[in-house]
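Just below is one structure, and these are the notes that go with it.
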Amino acid sequence: MKTTLGSNGSSEFSVQPSALQSSGIEILPSRAASISEAGKPGEDVRCGKTSIAGSVSQRACVFCGSRVVLYPIADALHIVHGPIGCAAYTWDIRGSQSSGPQLFRNAFSTDLQELDIIYGGEKKLERALLELIAGHSPKAAFVYGTCIVGLIGDDVSAICKSVAAATGIPVLPVASEGFKGTKKDGYKAACEAVYNLIGTGDTAGISPVSINLLGDFNIAGETWVIRDYFARMGVEVVATITGDGRVDAIRRCHGAKLNLVQCSGSMTHLAKKMQAAHGIPFKRVSFFGIEDMSAALYDVAKHFESDELMEKARAVVRDEVGKIYPQLRAWRDDLKGKKAAIYVGGAFKAFSLVRALRTLGMRTALVGTQTGDAEDYNTLREMCDPGTIVVDDSNPIELAKFCLEQDVDLFIGGVKERPIAYKLGIGFCDHNHERKECLAGFVGMLNFAREVHASVCSPVWNFVPRRAGKNAVRLKASKPGSEEAVA
Amino acid sequence: MSCASTCRVPPAEGDEKPEDPSFPSSSTNPCKLCTPLGACLAFKGIAGAVPLLHGSQGCSTYIRRYLISHFREPVDIASTNFSEDSAIFGGRKNLHTALDNVGRQYRPALVGIATTCLSETMGENMPMLIGEYRAETRDLPPAADRPALVHVSTPSFKGTHADGFHAAIRALVETLAEAGLQADGGKPLSGAASQPIAVMPNMVSPADLRHLRDLCSEWGTGVTLVPDYSETLDGPSWADFERMPVGGTTVAELRALGGATAAIELGHVLARAEHTAGTHLKNKFHVPTHRIGLPIGVRACDEFSAAMEAVTGREMPRRIALDRGRLVDSYVDAHKYLAGKKAVVYGEEDLVAGLAVFLAETGITPVLCASGGRTKRLADAIFAAAPELRGRAEVREGSDFGDIEARVAELKPDLLIGSSKGYRLARSLNIPLVRCGFPVHDRLGAQRIRLLGFSGTQELFDRIVNAVLEAKQEDSEIGYSYL
């Protein structure tokens, strides 16, 4: 790349052409191919690449991908092999719940120090595993590799094998070195690790009408909500991978007759492996929004070719929609015509959110993901209204620019996106794995609508300068701390 | 609620690896974060600065998320975004591309470049890589727009976030400070009296930074805070999009530090460090430097006041004297509520030392003073400032919450004082947690928690007393409404 640091020439920057109103915010030219617009013919969105250095991507790393997927397995020991940061930043951050063991909510780390970097961390890892397994009696242990593990040459697999032999529990290495790809590669590494458990348990007594739930993480009890719907249909849920996950259930999940894949970005790899090895078919579904949740139940009934199941599925949908519909309609009246921005991890969630917003009378004006592929973005371009910005691997400056230009009323994202929305006077709904609200299932749609309504219709926006208009106190870039800063 | 139990065994005898017995083989629920986080926080206190981490994308994103959950403000941190190629062939290209792109997107006044465990393990020669970039961009116009580049080495396998914070402050001062410049960027004036003093405030809240500025104003002196994130990490709602938050210490102010009238560096433990920003100003520019504890409690605030008196030549202003008097008055009002109470304090070493020294004044015994840091200076710092704690306070360095939990069974504390990370322990013990320090991500207003000065101590003291009273009231079957 040609060095242009310090240049003020605006010709260096591309400005979105057909924006509603220009914000004057420039974006990196090298990012232009990752941004597209619904309703406009164009090439595929550039995606699936590592982030551009210095772009301030909202993505994390390979380790993050593995850690989020395996985290909810509640009775396993999760130990991060590396310096302290990676374990510290992922300690008890998710909204995943367990109906039993809470072991997964601890942060265990080998806390590698300078001497370990010099002499290697294998012995420390081995001792750590032996001590922690003795102290906590987990059903299995996952050992997450971090950036430097490969560099210092630790043979993590060999240590895992010897500890497994000594303790009698599965000790599974997760190849999650941060720089070895993107978050998606971390998902894959997690699937590879958990796959080692599958097929090692007894499948006796599993119903012929049985499923596994893949890619639901029991955020705020969501897995339990979905389990209840299937229980009412008479469908046995063998294992939930990984929400409220248990090692023993995962060991025997190859006895199920169908895999339902909810977070397809993270778990399709595992579903494909199970299909190849155990002949279990899979269906991609989503539990977010009325349409997608209902479709998931009907898909299962169709798969088992049972009129009885279909009738029960319809009854569940009828009951549940009946419970939430009056309230949804009331909120819809307030939200009709409002515009939303979506920036989430995976594309399947984005599809569901576009539909769920429509249910509330809202329009999606910006939609982006961290890990979508070209096909996903084409789907988004087709399903969104013309003019909607569709973006891969965005950053704070781009997101602020699009929010301003599209003049959105709501942002759906995670903790990292929240301050962008709030500073600009935009409502916010947390749909990330750290949330503590159940947003899946029919009750989840009601909670989602409540949260959207509460934020978009809050009286506080009357006071934020960007919304309150002319009488706002305006800040000038001036000497910090001086009284003139507020003029 | 189940939490970790600790099981620690000493390293096996005859282990051929050189082993420091004070380093256990694992950490359970850490009481520290990694060094680059501290560096990022320090750089956020410089006007127009963008932190850039030389390593994997995850480091910057995790640290951003963590800082956002505490400050509830935008925290943009760039990454050089290592891939497998860069891990094999070196990160030169990534660093240069990142500097280009950060320059284009933010037009920063300063880029604070911090390393990570990955780039440090690879042995990246940062001064060389940055020097090459400077040379390559030297002839590009306009030179005035080019950001200052400040590099700090922050391997996450060495030290804690607090060490990263102090290393970045030191790097800023060592890289930028010169003699004979004016803080406002103008030409040097005759006489040093117009120059502000330098205050290295340690890792304190934006509200405490604002209070330090107010205190200096009361004492009649200007101040350059290094760093000053009082506005950048606690700013108002935007009227317009802000590419970078308004506020922070300017590069011109940092450059002028060589001519500072005096320097005050806060932190009982930091004061015992060999090389700091303060020692640099003292040794290179002969700036009179006062290295004292965080001003929490009467004694430490008196020491701070004495330093201000020495620096400004003035007596304690009446407003501050009144604050002092009120604090002492409230100590008296509350002393019987607190008598015999035991507290566990945890967090960064300087926070722990500051809190312990203050608590000892009030009748609360800090029975356990724990930090994830391992400077080997914490105990000395505490007992030097509060000798009465010798034999009554257990000081644990290299601690974590597994370790703390193992000790509380015996120590039976009445309250915890520290970050949100102690919540699970407080809940399981059914004792109050008085939140302060970093991170506080389960309450609103972490940016505005005050500890410093007589009035900041007053706020903390009132919260502590009321937490004790509330626990007593809640636990009582009778429920007295007068206490």
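Every chain in the structure tokens takes a letter, A first, then B, and so on in the order presented; its residues are numbered from 1, and the ligands are numbered from 1 following the presented order.
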(message) Applying 7 Å and only C-alpha atoms, which residues near region 30-46 of chain B remain after dropping the ones on its own chain fewer than 5 positions away? List them as a PyMOL selection string.
(response) (chain A and resi 84-85+88) or (chain B and resi 51+63+112+114-116+154-156+159-165+168-169+227-229+232+248-250+347+371-373+399-401)
Kindly save the residues from that selection, with C-alpha atoms included, as a compact mmCIF listing (two decimals), in the first residue's frame.
# COMPACT_ATOMS: atom_id res chain seq x y z
CA ILE A 84 -3.31 -13.97 31.72
CA GLY A 85 -5.13 -11.62 29.35
CA ALA A 88 -9.14 -12.56 32.23
CA PRO B 51 -3.52 3.19 20.76
CA ILE B 63 -9.30 -4.73 25.59
CA GLY B 112 0.77 4.87 21.02
CA ALA B 114 2.21 -1.20 22.40
CA THR B 115 3.44 -4.73 21.86
CA THR B 116 1.69 -7.96 22.89
CA THR B 154 4.20 -4.52 27.03
CA PRO B 155 4.69 -8.29 26.92
CA SER B 156 1.64 -9.74 28.66
CA GLY B 159 3.71 -7.75 34.91
CA THR B 160 0.10 -6.63 35.01
CA HIS B 161 -2.08 -3.97 33.43
CA ALA B 162 -0.83 -1.58 36.11
CA ASP B 163 2.75 -2.17 34.97
CA GLY B 164 1.67 -1.59 31.36
CA PHE B 165 0.03 1.66 32.41
CA ALA B 168 3.32 3.73 28.81
CA ILE B 169 3.44 6.89 30.96
CA PRO B 227 -2.35 10.96 31.41
CA ASP B 228 -5.65 12.84 31.49
CA TYR B 229 -8.61 10.75 30.34
CA THR B 232 -11.87 11.29 26.74
CA GLY B 248 -6.62 14.74 26.99
CA THR B 249 -3.13 16.04 27.62
CA THR B 250 -1.72 17.50 24.40
CA GLY B 347 -6.81 -4.81 42.95
CA SER B 371 -3.03 -7.97 44.29
CA GLY B 372 -2.31 -9.86 41.11
CA GLY B 373 0.81 -7.72 40.78
CA SER B 399 -2.86 -13.36 44.20
CA ASP B 400 -6.09 -14.24 42.41
CA PHE B 401 -9.67 -14.76 43.53
(request) Excluding Ala207 (chain B) and any residue of its chain fewer than 5 positions from it, enumerate the residues within 12 Å of it, using only C-alpha atoms, and give them as an MDAnalysis selection string. (result) (chainID A and resid 481) or (chainID B and resid 71 201 212:214 228:235 445:453 455:456 459)
(request) Select all residues from chain B having any atom no more than 7 Å from an atom of chain A (counting only C-alpha atoms, ignoring ligands), output as a VMD selection string. (result) chain B and resid 2 4 7 25 to 30 33 to 34 56 to 58 61 to 62 65 to 66 68 72 to 74 76 to 84 94 97 to 105 107 117 to 118 121 141 to 142 145 to 146 156 to 158 237 to 240 246 to 249
(request) Can you work out the spacing between CA of Cys438 (chain A) and CA of Asn212 (chain A) in Å, to one decimal? (result) 20.0 Å
(request) Between CA of Val408 (chain A) and CA of Lys338 (chain A), measure the distance and give it in Å to one decimal. (result) 7.3 Å
